[in-house]
file upload.cif (mmCIF, C-alpha atoms)
data_final
loop_
_atom_site.label_atom_id
_atom_site.label_comp_id
_atom_site.auth_asym_id
_atom_site.auth_seq_id
_atom_site.Cartn_x
_atom_site.Cartn_y
_atom_site.Cartn_z
CA MET A 1 1.44 8.72 47.63
CA THR A 2 5.20 9.30 47.76
CA ARG A 3 6.19 11.02 50.98
CA ARG A 4 8.93 13.57 50.66
CA GLN A 5 11.64 12.87 53.20
CA VAL A 6 12.94 15.99 54.87
CA PRO A 7 15.89 15.96 55.55
CA PRO A 8 17.35 13.98 52.63
CA PRO A 9 18.36 10.38 53.38
CA TRP A 10 22.09 11.04 52.97
CA ILE A 11 21.99 13.53 55.86
CA GLN A 12 20.10 11.00 57.96
CA GLN A 13 22.69 8.36 57.07
CA ALA A 14 25.52 10.71 58.02
CA GLY A 15 23.82 11.42 61.35
CA LEU A 16 23.41 7.72 62.11
CA LEU A 17 26.92 6.73 61.09
CA THR A 18 28.73 9.56 62.85
CA SER A 19 27.20 8.48 66.17
CA ILE A 20 29.05 5.13 65.96
CA PRO A 21 32.27 6.42 67.64
CA PHE A 22 30.26 7.57 70.67
CA VAL A 23 28.50 4.21 70.89
CA LEU A 24 31.83 2.35 70.70
CA LEU A 25 33.29 4.63 73.37
CA VAL A 26 30.41 4.45 75.83
CA GLY A 27 29.97 0.64 75.85
CA PRO A 28 33.36 -0.39 77.29
CA ALA A 29 33.36 2.64 79.62
CA LEU A 30 29.97 1.67 81.02
CA GLY A 31 31.10 -1.96 81.30
CA TYR A 32 34.23 -0.84 83.16
CA TYR A 33 32.27 1.19 85.75
CA LEU A 34 29.60 -1.46 86.27
CA GLY A 35 32.23 -4.23 86.46
CA ASN A 36 34.30 -2.20 88.88
CA ALA A 37 31.24 -1.68 91.10
CA LEU A 38 30.62 -5.43 91.06
CA ASP A 39 34.28 -6.07 91.95
CA GLN A 40 34.08 -3.77 94.95
CA HIS A 41 30.82 -5.31 96.11
CA TRP A 42 31.71 -9.00 95.71
CA ARG A 43 35.52 -8.71 95.81
CA PHE A 44 36.36 -10.81 92.76
CA ALA A 45 38.60 -8.27 91.05
CA PRO A 46 39.61 -8.06 88.25
CA TRP A 47 37.02 -10.41 86.70
CA GLY A 48 34.05 -8.07 87.05
CA MET A 49 35.88 -5.23 85.35
CA THR A 50 37.29 -7.49 82.61
CA GLY A 51 33.92 -9.09 81.96
CA GLY A 52 32.22 -5.68 82.04
CA ILE A 53 34.58 -4.22 79.44
CA ILE A 54 34.17 -7.23 77.14
CA LEU A 55 30.37 -7.28 77.49
CA GLY A 56 30.25 -3.51 76.99
CA LEU A 57 32.30 -3.82 73.82
CA VAL A 58 30.06 -6.60 72.50
CA ALA A 59 26.96 -4.53 73.32
CA SER A 60 28.49 -1.52 71.53
CA VAL A 61 29.23 -3.60 68.44
CA ARG A 62 25.66 -4.90 68.50
CA VAL A 63 24.18 -1.37 68.67
CA THR A 64 26.63 -0.32 65.91
CA ALA A 65 25.41 -3.17 63.72
CA GLN A 66 21.81 -2.04 64.29
CA LEU A 67 22.72 1.52 63.27
CA ILE A 68 24.50 0.34 60.11
CA GLN A 69 21.55 -1.88 59.23
CA GLN A 70 19.18 1.06 59.68
CA SER A 71 21.34 3.32 57.51
CA ARG A 72 21.37 0.66 54.76
CA THR A 73 17.58 0.62 54.90
CA LEU A 74 17.62 4.38 54.34
CA LYS A 75 19.91 3.96 51.33
CA ARG A 76 17.42 1.54 49.77
CA HIS A 77 14.73 4.21 50.16
CA ASP A 78 17.01 6.87 48.60
CA MET B 1 18.60 64.10 80.11
CA ALA B 2 16.19 61.18 80.48
CA VAL B 3 18.29 59.18 78.05
CA GLU B 4 21.43 59.53 80.13
CA PRO B 5 20.79 56.87 82.88
CA THR B 6 19.66 54.28 80.29
CA HIS B 7 22.73 54.96 78.20
CA GLU B 8 24.92 54.75 81.29
CA ALA B 9 23.29 51.46 82.34
CA ALA B 10 23.75 50.00 78.85
CA ARG B 11 27.37 51.07 78.83
CA SER B 12 27.93 49.53 82.28
CA THR B 13 26.30 46.25 81.19
CA ALA B 14 28.41 46.18 78.03
CA GLN B 15 31.53 46.72 80.12
CA ALA B 16 30.48 43.89 82.44
CA VAL B 17 29.94 41.62 79.42
CA ALA B 18 33.27 42.62 77.90
CA HIS B 19 35.04 42.12 81.23
CA HIS B 20 33.48 38.68 81.77
CA GLY B 21 34.33 37.45 78.25
CA ALA B 22 37.84 38.87 78.17
CA GLN B 23 38.59 37.56 81.68
CA ALA B 24 37.47 34.04 80.83
CA VAL B 25 39.51 33.98 77.62
CA GLN B 26 42.54 35.41 79.41
CA GLU B 27 42.32 32.83 82.21
CA ALA B 28 41.95 30.01 79.70
CA ALA B 29 44.94 31.28 77.72
CA HIS B 30 47.05 31.23 80.88
CA GLY B 31 46.09 27.67 81.68
CA GLY B 32 43.47 28.57 84.28
CA ASP B 33 40.47 26.43 85.06
CA ALA B 34 37.94 28.84 83.55
CA ILE B 35 36.37 27.61 80.33
CA PRO B 36 35.52 30.45 77.94
CA GLU B 37 31.79 31.03 78.10
CA LEU B 38 29.65 33.70 76.51
CA PRO B 39 28.07 35.93 79.16
CA ASN B 40 24.33 35.52 79.51
CA LEU B 41 21.67 37.41 81.42
CA VAL B 42 22.25 35.38 84.57
CA THR B 43 26.05 35.77 84.57
CA VAL B 44 25.71 39.52 83.98
CA LEU B 45 23.23 39.76 86.88
CA HIS B 46 25.58 37.67 89.01
CA HIS B 47 28.45 39.98 88.12
CA ARG B 48 26.50 43.07 89.14
CA LEU B 49 24.44 41.73 92.09
CA GLN B 50 26.62 39.08 93.68
CA ASP B 51 25.04 39.30 97.11
CA ALA B 52 21.41 38.92 96.06
CA PRO B 53 20.18 35.41 97.00
CA TRP B 54 17.80 35.18 94.03
CA VAL B 55 20.69 35.91 91.65
CA THR B 56 22.78 33.19 93.31
CA TRP B 57 19.85 30.81 92.93
CA LEU B 58 19.49 31.75 89.24
CA HIS B 59 23.23 31.31 88.75
CA GLN B 60 23.18 27.83 90.29
CA TRP B 61 20.24 26.70 88.17
CA GLU B 62 20.97 28.67 84.99
CA ASN B 63 20.76 25.66 82.65
CA ILE B 64 17.34 24.72 83.98
CA VAL B 65 16.23 28.38 83.85
CA PHE B 66 17.15 28.73 80.18
CA ALA B 67 15.70 25.31 79.32
CA ALA B 68 12.43 26.31 81.03
CA PHE B 69 12.45 29.64 79.19
CA VAL B 70 12.71 27.85 75.82
CA GLY B 71 9.98 25.41 76.90
CA VAL B 72 7.60 28.23 77.84
CA LEU B 73 8.39 30.09 74.60
CA LEU B 74 7.65 26.94 72.60
CA ALA B 75 4.40 26.30 74.47
CA LEU B 76 3.23 29.88 73.86
CA LEU B 77 4.11 29.62 70.16
CA ALA B 78 2.24 26.31 69.82
CA TRP B 79 -0.79 27.67 71.70
CA ARG B 80 -0.91 30.86 69.63
CA THR B 81 -0.53 28.99 66.34
CA THR B 82 -3.13 26.33 67.01
CA ARG B 83 -5.69 28.60 68.73
CA HIS B 84 -7.69 29.27 65.55
CA PRO B 85 -6.49 26.77 62.92
CA ALA B 86 -7.48 27.72 59.36
CA THR B 87 -8.32 25.27 56.57
CA ILE B 88 -5.91 27.09 54.29
CA PRO B 89 -2.92 27.68 56.56
CA ARG B 90 -1.05 30.97 56.57
CA GLY B 91 1.83 32.47 58.48
CA TRP B 92 2.99 30.55 61.56
CA GLN B 93 0.45 27.77 61.03
CA ASN B 94 1.81 27.22 57.53
CA LEU B 95 5.37 27.11 58.82
CA LEU B 96 4.51 24.65 61.58
CA GLU B 97 2.58 22.40 59.20
CA VAL B 98 5.56 22.22 56.82
CA PHE B 99 7.79 21.43 59.78
CA VAL B 100 5.50 18.71 61.15
CA GLU B 101 5.13 17.20 57.68
CA GLY B 102 8.93 17.07 57.32
CA ILE B 103 9.41 15.33 60.68
CA ASP B 104 6.52 12.98 59.90
CA GLY B 105 8.20 12.06 56.61
CA MET B 106 11.43 11.31 58.44
CA VAL B 107 9.73 9.15 61.09
CA HIS B 108 7.68 7.36 58.44
CA GLY B 109 10.80 6.63 56.38
CA MET B 110 12.65 5.33 59.41
CA ALA B 111 10.03 3.43 61.44
CA GLY B 112 7.39 2.61 58.84
CA ARG B 113 3.66 3.20 58.89
CA HIS B 114 3.18 2.13 62.52
CA GLY B 115 5.99 4.43 63.61
CA ARG B 116 3.89 7.52 62.83
CA THR B 117 2.58 7.46 66.39
CA PHE B 118 6.06 8.65 67.39
CA THR B 119 5.84 11.84 65.28
CA PRO B 120 4.54 14.12 68.09
CA PHE B 121 7.24 12.95 70.48
CA VAL B 122 10.08 13.16 67.95
CA ALA B 123 8.94 16.56 66.62
CA THR B 124 8.73 17.97 70.15
CA ILE B 125 12.18 16.64 71.03
CA PHE B 126 13.59 18.06 67.78
CA VAL B 127 12.18 21.56 68.09
CA TYR B 128 13.00 21.79 71.81
CA ILE B 129 16.64 20.76 71.32
CA TRP B 130 16.93 22.91 68.19
CA LEU B 131 15.77 26.06 69.98
CA MET B 132 18.00 25.32 72.97
CA ASN B 133 20.99 24.84 70.65
CA LEU B 134 20.21 28.08 68.83
CA SER B 135 19.85 30.06 72.07
CA VAL B 136 23.58 30.75 72.06
CA VAL B 137 23.30 33.04 69.02
CA VAL B 138 20.76 35.25 70.83
CA PRO B 139 22.52 37.83 73.04
CA PHE B 140 22.15 37.15 76.80
CA LEU B 141 20.78 33.64 76.30
CA LYS B 142 22.59 30.33 76.80
CA SER B 143 22.39 26.87 75.22
CA SER B 144 21.20 24.60 78.00
CA THR B 145 22.22 21.64 75.86
CA SER B 146 25.89 22.49 76.37
CA SER B 147 25.49 20.99 79.84
CA ILE B 148 25.65 17.21 80.13
CA ASN B 149 22.95 17.37 82.85
CA THR B 150 20.37 18.71 80.40
CA THR B 151 21.23 16.22 77.67
CA VAL B 152 21.23 13.29 80.11
CA ALA B 153 17.74 14.39 81.21
CA LEU B 154 16.59 14.50 77.58
CA ALA B 155 18.17 11.11 76.88
CA LEU B 156 16.45 9.65 79.96
CA VAL B 157 13.11 10.86 78.59
CA VAL B 158 13.88 9.06 75.32
CA PHE B 159 15.06 5.96 77.20
CA SER B 160 11.86 5.87 79.28
CA TYR B 161 9.68 6.31 76.20
CA VAL B 162 11.58 3.56 74.33
CA GLN B 163 11.11 1.12 77.23
CA TYR B 164 7.45 2.12 77.58
CA THR B 165 6.94 1.56 73.84
CA GLY B 166 8.60 -1.84 74.15
CA LEU B 167 6.35 -2.85 77.03
CA ARG B 168 3.23 -1.50 75.31
CA THR B 169 3.80 -3.09 71.89
CA LEU B 170 5.44 -6.36 72.94
CA GLY B 171 3.76 -6.92 76.31
CA VAL B 172 5.71 -7.86 79.45
CA ARG B 173 6.46 -11.37 78.16
CA GLY B 174 7.51 -10.17 74.70
CA TYR B 175 9.64 -7.42 76.24
CA LEU B 176 11.50 -9.91 78.46
CA ASP B 177 11.83 -12.22 75.45
CA HIS B 178 13.35 -9.34 73.47
CA LEU B 179 15.83 -8.60 76.28
CA ALA B 180 16.78 -12.27 76.49
CA GLY B 181 17.60 -12.33 72.75
CA SER B 182 14.40 -14.16 71.67
CA PRO B 183 15.57 -17.73 72.50
CA ARG B 184 13.78 -20.36 70.38
CA ASP B 185 15.96 -23.46 70.81
CA LEU B 186 18.27 -25.06 73.38
CA VAL B 187 21.33 -23.07 72.24
CA GLY B 188 19.29 -19.86 72.50
CA TRP B 189 18.23 -20.67 76.07
CA LEU B 190 21.81 -21.58 77.01
CA LEU B 191 22.94 -18.19 75.70
CA VAL B 192 20.37 -16.22 77.76
CA PRO B 193 22.82 -15.52 80.67
CA LEU B 194 25.15 -13.94 78.09
CA MET B 195 22.57 -12.20 75.90
CA LEU B 196 20.61 -10.62 78.78
CA PRO B 197 23.50 -8.45 80.09
CA ILE B 198 24.49 -7.57 76.51
CA HIS B 199 20.95 -6.40 75.73
CA LEU B 200 20.69 -4.51 79.03
CA LEU B 201 24.04 -2.78 78.41
CA GLY B 202 22.90 -1.99 74.86
CA GLU B 203 19.77 -0.29 76.20
CA LEU B 204 21.92 1.80 78.57
CA ILE B 205 24.50 2.64 75.88
CA LYS B 206 21.86 4.26 73.68
CA PRO B 207 20.84 7.15 76.00
CA MET B 208 24.41 7.67 77.19
CA SER B 209 25.82 8.02 73.67
CA LEU B 210 22.89 10.28 72.70
CA SER B 211 23.50 12.63 75.62
CA MET B 212 27.30 12.71 75.28
CA ARG B 213 27.19 13.43 71.59
CA LEU B 214 24.77 16.32 71.92
CA ALA B 215 26.40 17.91 74.98
CA PHE B 216 29.97 17.73 73.66
CA ASN B 217 29.10 19.11 70.23
CA VAL B 218 27.05 22.03 71.55
CA PHE B 219 29.63 22.73 74.25
CA ALA B 220 32.39 22.88 71.60
CA GLU B 221 30.30 25.33 69.55
CA ASP B 222 29.71 27.54 72.57
CA VAL B 223 33.40 27.55 73.50
CA LEU B 224 34.37 28.41 69.91
CA LEU B 225 31.94 31.33 69.90
CA ALA B 226 33.14 32.54 73.31
CA VAL B 227 36.79 32.39 72.25
CA LEU B 228 36.06 34.39 69.11
CA VAL B 229 34.04 36.97 71.07
CA GLY B 230 36.93 37.26 73.52
CA LEU B 231 39.41 37.68 70.69
CA GLY B 232 37.18 40.35 69.15
CA ILE B 233 37.10 42.21 72.46
CA GLY B 234 40.86 41.88 72.82
CA LEU B 235 41.38 43.14 69.28
CA SER B 236 39.07 46.10 69.84
CA LEU B 237 40.97 47.01 73.02
CA THR B 238 44.25 46.74 71.12
CA VAL B 239 43.10 49.15 68.41
CA GLN B 240 41.40 51.26 71.12
CA LEU B 241 37.78 50.86 70.02
CA PRO B 242 35.15 51.45 72.72
CA PRO B 243 34.36 48.26 74.74
CA TRP B 244 30.73 48.25 73.60
CA ALA B 245 31.79 48.02 69.94
CA PRO B 246 34.05 44.93 69.69
CA VAL B 247 35.26 43.43 66.40
CA PRO B 248 32.57 40.80 65.61
CA LEU B 249 34.89 37.89 64.80
CA GLN B 250 32.20 35.39 65.82
CA LEU B 251 30.08 36.34 62.81
CA PHE B 252 32.39 34.24 60.61
CA VAL B 253 31.44 31.00 62.39
CA MET B 254 27.80 31.95 63.00
CA PRO B 255 26.57 30.13 59.84
CA LEU B 256 28.42 27.00 60.97
CA VAL B 257 26.83 27.24 64.41
CA LEU B 258 23.38 27.54 62.83
CA ILE B 259 24.00 24.48 60.63
CA PHE B 260 25.51 22.33 63.38
CA SER B 261 22.79 23.27 65.88
CA THR B 262 20.20 22.03 63.41
CA VAL B 263 22.17 18.89 62.55
CA GLN B 264 22.68 17.98 66.22
CA ALA B 265 18.98 18.37 67.00
CA LEU B 266 18.17 16.34 63.90
CA VAL B 267 20.58 13.54 64.80
CA PHE B 268 19.19 13.32 68.35
CA SER B 269 15.63 13.00 67.07
CA LEU B 270 16.74 10.63 64.30
CA LEU B 271 18.50 8.29 66.72
CA SER B 272 15.51 8.45 69.05
CA THR B 273 13.34 7.32 66.13
CA VAL B 274 15.75 4.48 65.35
CA TYR B 275 15.75 3.27 68.96
CA LEU B 276 11.95 3.48 69.07
CA SER B 277 11.62 1.58 65.78
CA LEU B 278 13.92 -1.17 67.08
CA MET B 279 11.36 -1.80 69.83
CA LEU B 280 8.58 -2.42 67.32
CA PRO B 281 7.85 -6.03 66.30
CA HIS B 282 10.17 -6.84 63.37
CA GLU B 283 7.42 -7.48 60.81
CA GLU B 284 6.24 -3.89 61.27
CA HIS B 285 9.45 -2.40 59.88
CA HIS B 286 8.50 -0.66 56.62
#

call {"tool": "encode", "arguments": {"input": "upload.cif", "output": "structure tokens"}}
result
Amino acid sequence: MTRRQVPPPWIQQAGLLTSIPFVLLVGPALGYYLGNALDQHWRFAPWGMTGGIILGLVASVRVTAQLIQQSRTLKRHD
Amino acid sequence: MAVEPTHEAARSTAQAVAHHGAQAVQEAAHGGDAIPELPNLVTVLHHRLQDAPWVTWLHQWENIVFAAFVGVLLALLAWRTTRHPATIPRGWQNLLEVFVEGIDGMVHGMAGRHGRTFTPFVATIFVYIWLMNLSVVVPFLKSSTSSINTTVALALVVFSYVQYTGLRTLGVRGYLDHLAGSPRDLVGWLLVPLMLPIHLLGELIKPMSLSMRLAFNVFAEDVLLAVLVGLGIGLSLTVQLPPWAPVPLQLFVMPLVLIFSTVQALVFSLLSTVYLSLMLPHEEHH
């Protein structure tokens, strides 16, 4: 049985892909705050903040890749 | 004569509403701190009964009050619709079945056959956020989702359910293995100190981006509506119309608000489904 997808896959793809800017924004910001907290606690500034931003960016890129992969799967179903 | 007090009260309330909206827009235009906001039942009560403690309490917790109101409304609707289910659905039951089938199709398409267990959760999240987003178009109601506190709470619910699903389907060992990047060789094990924080940050990024996206979009819609209502009131005062009959400028963007409210609720539930499906074992995808 073919299941009708409501809403259509192109809307789902648009929803997934337009959330990428937020993901890319949140990652480094979160890394900055967590790294800064580590710096204040263990006093090894600025390495905690620098490492946090880099790790946050990498994590954001990873989540972005997952979202793109998922949207490509939707396109195959379209 | 009996009509007179009611008419007077309605006129007074309309004036309070007009005053609140116009004041907020005026303050914002002059660079004040006030953000234009449509008046709701609680702000009108607060304007008229500032000294009453229960009104102050309502004013402080207005987002939670309106979120609870939508929740109760939804529960009553679900209870009434499913009280006597018919084999051949009609009316509300028919509408709800079409809705559930649509969400089920979306979850099935995204997370595969095993993902169908998420349908009740995703459908509930969707309809709850959708109704909260749409509250702004009902006079004297407010979108609770325009507050970051509400959306963070919703995102935390999704985050908790995603982690619970991970623990349930993968087991504690499999879950830790997933967080460590599934190391299978020496290089993989050497990379664990790097992959673990990246995975942990990734899990935290998901709810934060979900909540920020929803709150900022709904907030922007609400501000747009409030600005247009304020402009309509200003215009009606300029052409000397009565304050209870402003020019309805907001009606031009109302269709956009309806569309974007639906899309935002849809995207939230869609991303929740994606994050849930990523926790399933990989061979279960589709």

call {"tool": "interface_residues", "arguments": {"input": "upload.cif", "of": "chain B", "to": "chain A", "cutoff": "9 Å", "atoms": "only C-alpha atoms", "output": "PyMOL selection string"}}
result
chain B and resi 99+101-110+194+197-206+208-210+212-213+263-264+266-268+270-271+274+278

call {"tool": "atom_distance", "arguments": {"input": "upload.cif", "atom1": "CA of Leu225 (chain B)", "atom2": "CA of Pro255 (chain B)"}}
result
11.5 Å

call {"tool": "residues_around", "arguments": {"input": "upload.cif", "residues": "Leu256 (chain B)", "least_positions_apart": "6", "cutoff": "12 Å", "atoms": "all atoms listed in the file", "output": "JSON, numbers by chain"}}
result
{"B": [134, 137, 218, 221, 222, 224, 225, 250, 262, 263, 264]}

call {"tool": "write_last_selection", "arguments": {"input": "upload.cif", "atoms": "C-alpha atoms", "output": "mmCIF file, in the frame of the given file"}}
result
data_model
loop_
_atom_site.group_PDB
_atom_site.id
_atom_site.type_symbol
_atom_site.label_atom_id
_atom_site.label_comp_id
_atom_site.auth_asym_id
_atom_site.auth_seq_id
_atom_site.Cartn_x
_atom_site.Cartn_y
_atom_site.Cartn_z
ATOM 1 C CA LEU B 134 20.210 28.080 68.830
ATOM 2 C CA VAL B 137 23.300 33.040 69.020
ATOM 3 C CA VAL B 218 27.050 22.030 71.550
ATOM 4 C CA GLU B 221 30.300 25.330 69.550
ATOM 5 C CA ASP B 222 29.710 27.540 72.570
ATOM 6 C CA LEU B 224 34.370 28.410 69.910
ATOM 7 C CA LEU B 225 31.940 31.330 69.900
ATOM 8 C CA GLN B 250 32.200 35.390 65.820
ATOM 9 C CA THR B 262 20.200 22.030 63.410
ATOM 10 C CA VAL B 263 22.170 18.890 62.550
ATOM 11 C CA GLN B 264 22.680 17.980 66.220
#

call {"tool": "atom_distance", "arguments": {"input": "upload.cif", "atom1": "CA of Phe66 (chain B)", "atom2": "CA of Ala155 (chain B)"}}
result
18.0 Å

call {"tool": "atom_distance", "arguments": {"input": "upload.cif", "atom1": "CA of Thr81 (chain B)", "atom2": "CA of Gln93 (chain B)"}}
result
5.5 Å

call {"tool": "axis_aligned_box", "arguments": {"input": "upload.cif", "around": "region 78-88 of chain B", "padding_each_side": "4 Å", "output": "lines of an AutoDock Vina configuration file"}}
result
center_x = -3.0
center_y = 28.1
center_z = 63.0
size_x = 18.6
size_y = 13.6
size_z = 25.4

call {"tool": "resolve_selection", "arguments": {"input": "upload.cif", "expression": "the PyMOL selection byres ((chain B and resi 149) around 12)", "output": "PyMOL selection string"}}
result
chain B and resi 61-64+67+144-148+150-156+208+211-212+214-216

call {"tool": "residues_around", "arguments": {"input": "upload.cif", "residues": "Met49 (chain A)", "least_positions_apart": "6", "cutoff": "9 Å", "atoms": "only C-alpha atoms", "output": "list in words"}}
result
Gly31, Tyr32, Tyr33, Leu34, Gly35, Asn36, Ala37, Leu38 and Asp39 of chain A

call {"tool": "resolve_selection", "arguments": {"input": "upload.cif", "expression": "the PyMOL selection byres ((chain B and resi 42) around 9)", "output": "PDB file with C-alpha atoms, in the frame of the given file"}}
result
ATOM      1  CA  PRO B  39      28.070  35.930  79.160  1.00  0.00           C
ATOM      2  CA  ASN B  40      24.330  35.520  79.510  1.00  0.00           C
ATOM      3  CA  LEU B  41      21.670  37.410  81.420  1.00  0.00           C
ATOM      4  CA  THR B  43      26.050  35.770  84.570  1.00  0.00           C
ATOM      5  CA  VAL B  44      25.710  39.520  83.980  1.00  0.00           C
ATOM      6  CA  LEU B  45      23.230  39.760  86.880  1.00  0.00           C
ATOM      7  CA  HIS B  46      25.580  37.670  89.010  1.00  0.00           C
ATOM      8  CA  HIS B  47      28.450  39.980  88.120  1.00  0.00           C
ATOM      9  CA  VAL B  55      20.690  35.910  91.650  1.00  0.00           C
ATOM     10  CA  LEU B  58      19.490  31.750  89.240  1.00  0.00           C
ATOM     11  CA  HIS B  59      23.230  31.310  88.750  1.00  0.00           C
ATOM     12  CA  GLU B  62      20.970  28.670  84.990  1.00  0.00           C
ATOM     13  CA  PHE B 140      22.150  37.150  76.800  1.00  0.00           C
ATOM     14  CA  LEU B 141      20.780  33.640  76.300  1.00  0.00           C
TER      15      LEU B 141
END

call {"tool": "closest_residue", "arguments": {"input": "upload.cif", "among": "B:Val127, B:Leu190, B:Ala68, B:Leu170", "to": "Lys142 (chain B)", "atoms": "all atoms listed in the file"}}
result
B:Ala68

call {"tool": "closest_atom_pairs", "arguments": {"input": "upload.cif", "of": "region 114-198 of chain B", "to": "region 73-78 of chain B", "cutoff": "10 Å", "atoms": "all atoms listed in the file", "output": "Markdown table"}}
result
| residue | atom | partner | partner_atom | distance |
| --- | --- | --- | --- | --- |
| B:Thr124 | CA | B:Leu74 | CA | 9.4 |
| B:Val127 | CA | B:Leu74 | CA | 8.4 |
| B:Tyr128 | CA | B:Leu74 | CA | 7.5 |
| B:Leu131 | CA | B:Leu74 | CA | 8.6 |

call {"tool": "build_atoms", "arguments": {"input": "upload.cif", "residues": "region 49-64 of chain A", "atoms": "N, CA and C atoms", "output": "PDB file, in the coordinates of the input"}}
result
ATOM      1  N   MET A  49      35.498  -6.314  86.255  1.00  0.00           N
ATOM      2  CA  MET A  49      35.880  -5.230  85.350  1.00  0.00           C
ATOM      3  C   MET A  49      36.198  -5.771  83.947  1.00  0.00           C
ATOM      4  N   THR A  50      36.928  -6.897  83.917  1.00  0.00           N
ATOM      5  CA  THR A  50      37.290  -7.490  82.610  1.00  0.00           C
ATOM      6  C   THR A  50      36.036  -7.921  81.859  1.00  0.00           C
ATOM      7  N   GLY A  51      35.178  -8.642  82.587  1.00  0.00           N
ATOM      8  CA  GLY A  51      33.920  -9.090  81.960  1.00  0.00           C
ATOM      9  C   GLY A  51      33.062  -7.916  81.522  1.00  0.00           C
ATOM     10  N   GLY A  52      33.014  -6.876  82.362  1.00  0.00           N
ATOM     11  CA  GLY A  52      32.220  -5.680  82.040  1.00  0.00           C
ATOM     12  C   GLY A  52      32.702  -5.011  80.766  1.00  0.00           C
ATOM     13  N   ILE A  53      34.026  -4.872  80.641  1.00  0.00           N
ATOM     14  CA  ILE A  53      34.580  -4.220  79.440  1.00  0.00           C
ATOM     15  C   ILE A  53      34.252  -5.047  78.193  1.00  0.00           C
ATOM     16  N   ILE A  54      34.424  -6.376  78.314  1.00  0.00           N
ATOM     17  CA  ILE A  54      34.170  -7.230  77.140  1.00  0.00           C
ATOM     18  C   ILE A  54      32.684  -7.190  76.758  1.00  0.00           C
ATOM     19  N   LEU A  55      31.812  -7.324  77.773  1.00  0.00           N
ATOM     20  CA  LEU A  55      30.370  -7.280  77.490  1.00  0.00           C
ATOM     21  C   LEU A  55      29.953  -5.916  76.932  1.00  0.00           C
ATOM     22  N   GLY A  56      30.551  -4.870  77.482  1.00  0.00           N
ATOM     23  CA  GLY A  56      30.250  -3.510  76.990  1.00  0.00           C
ATOM     24  C   GLY A  56      30.668  -3.350  75.538  1.00  0.00           C
ATOM     25  N   LEU A  57      31.830  -3.909  75.202  1.00  0.00           N
ATOM     26  CA  LEU A  57      32.300  -3.820  73.820  1.00  0.00           C
ATOM     27  C   LEU A  57      31.378  -4.593  72.880  1.00  0.00           C
ATOM     28  N   VAL A  58      30.972  -5.790  73.328  1.00  0.00           N
ATOM     29  CA  VAL A  58      30.060  -6.600  72.500  1.00  0.00           C
ATOM     30  C   VAL A  58      28.725  -5.867  72.311  1.00  0.00           C
ATOM     31  N   ALA A  59      28.229  -5.275  73.410  1.00  0.00           N
ATOM     32  CA  ALA A  59      26.960  -4.530  73.320  1.00  0.00           C
ATOM     33  C   ALA A  59      27.100  -3.340  72.380  1.00  0.00           C
ATOM     34  N   SER A  60      28.246  -2.659  72.429  1.00  0.00           N
ATOM     35  CA  SER A  60      28.490  -1.520  71.530  1.00  0.00           C
ATOM     36  C   SER A  60      28.489  -1.973  70.077  1.00  0.00           C
ATOM     37  N   VAL A  61      29.167  -3.083  69.817  1.00  0.00           N
ATOM     38  CA  VAL A  61      29.230  -3.600  68.440  1.00  0.00           C
ATOM     39  C   VAL A  61      27.833  -3.974  67.955  1.00  0.00           C
ATOM     40  N   ARG A  62      27.033  -4.528  68.871  1.00  0.00           N
ATOM     41  CA  ARG A  62      25.660  -4.900  68.500  1.00  0.00           C
ATOM     42  C   ARG A  62      24.836  -3.666  68.133  1.00  0.00           C
ATOM     43  N   VAL A  63      24.919  -2.615  68.963  1.00  0.00           N
ATOM     44  CA  VAL A  63      24.180  -1.370  68.670  1.00  0.00           C
ATOM     45  C   VAL A  63      24.706  -0.759  67.357  1.00  0.00           C
ATOM     46  N   THR A  64      26.037  -0.832  67.151  1.00  0.00           N
ATOM     47  CA  THR A  64      26.630  -0.320  65.910  1.00  0.00           C
ATOM     48  C   THR A  64      26.058  -1.053  64.695  1.00  0.00           C
TER      49      THR A  64
END
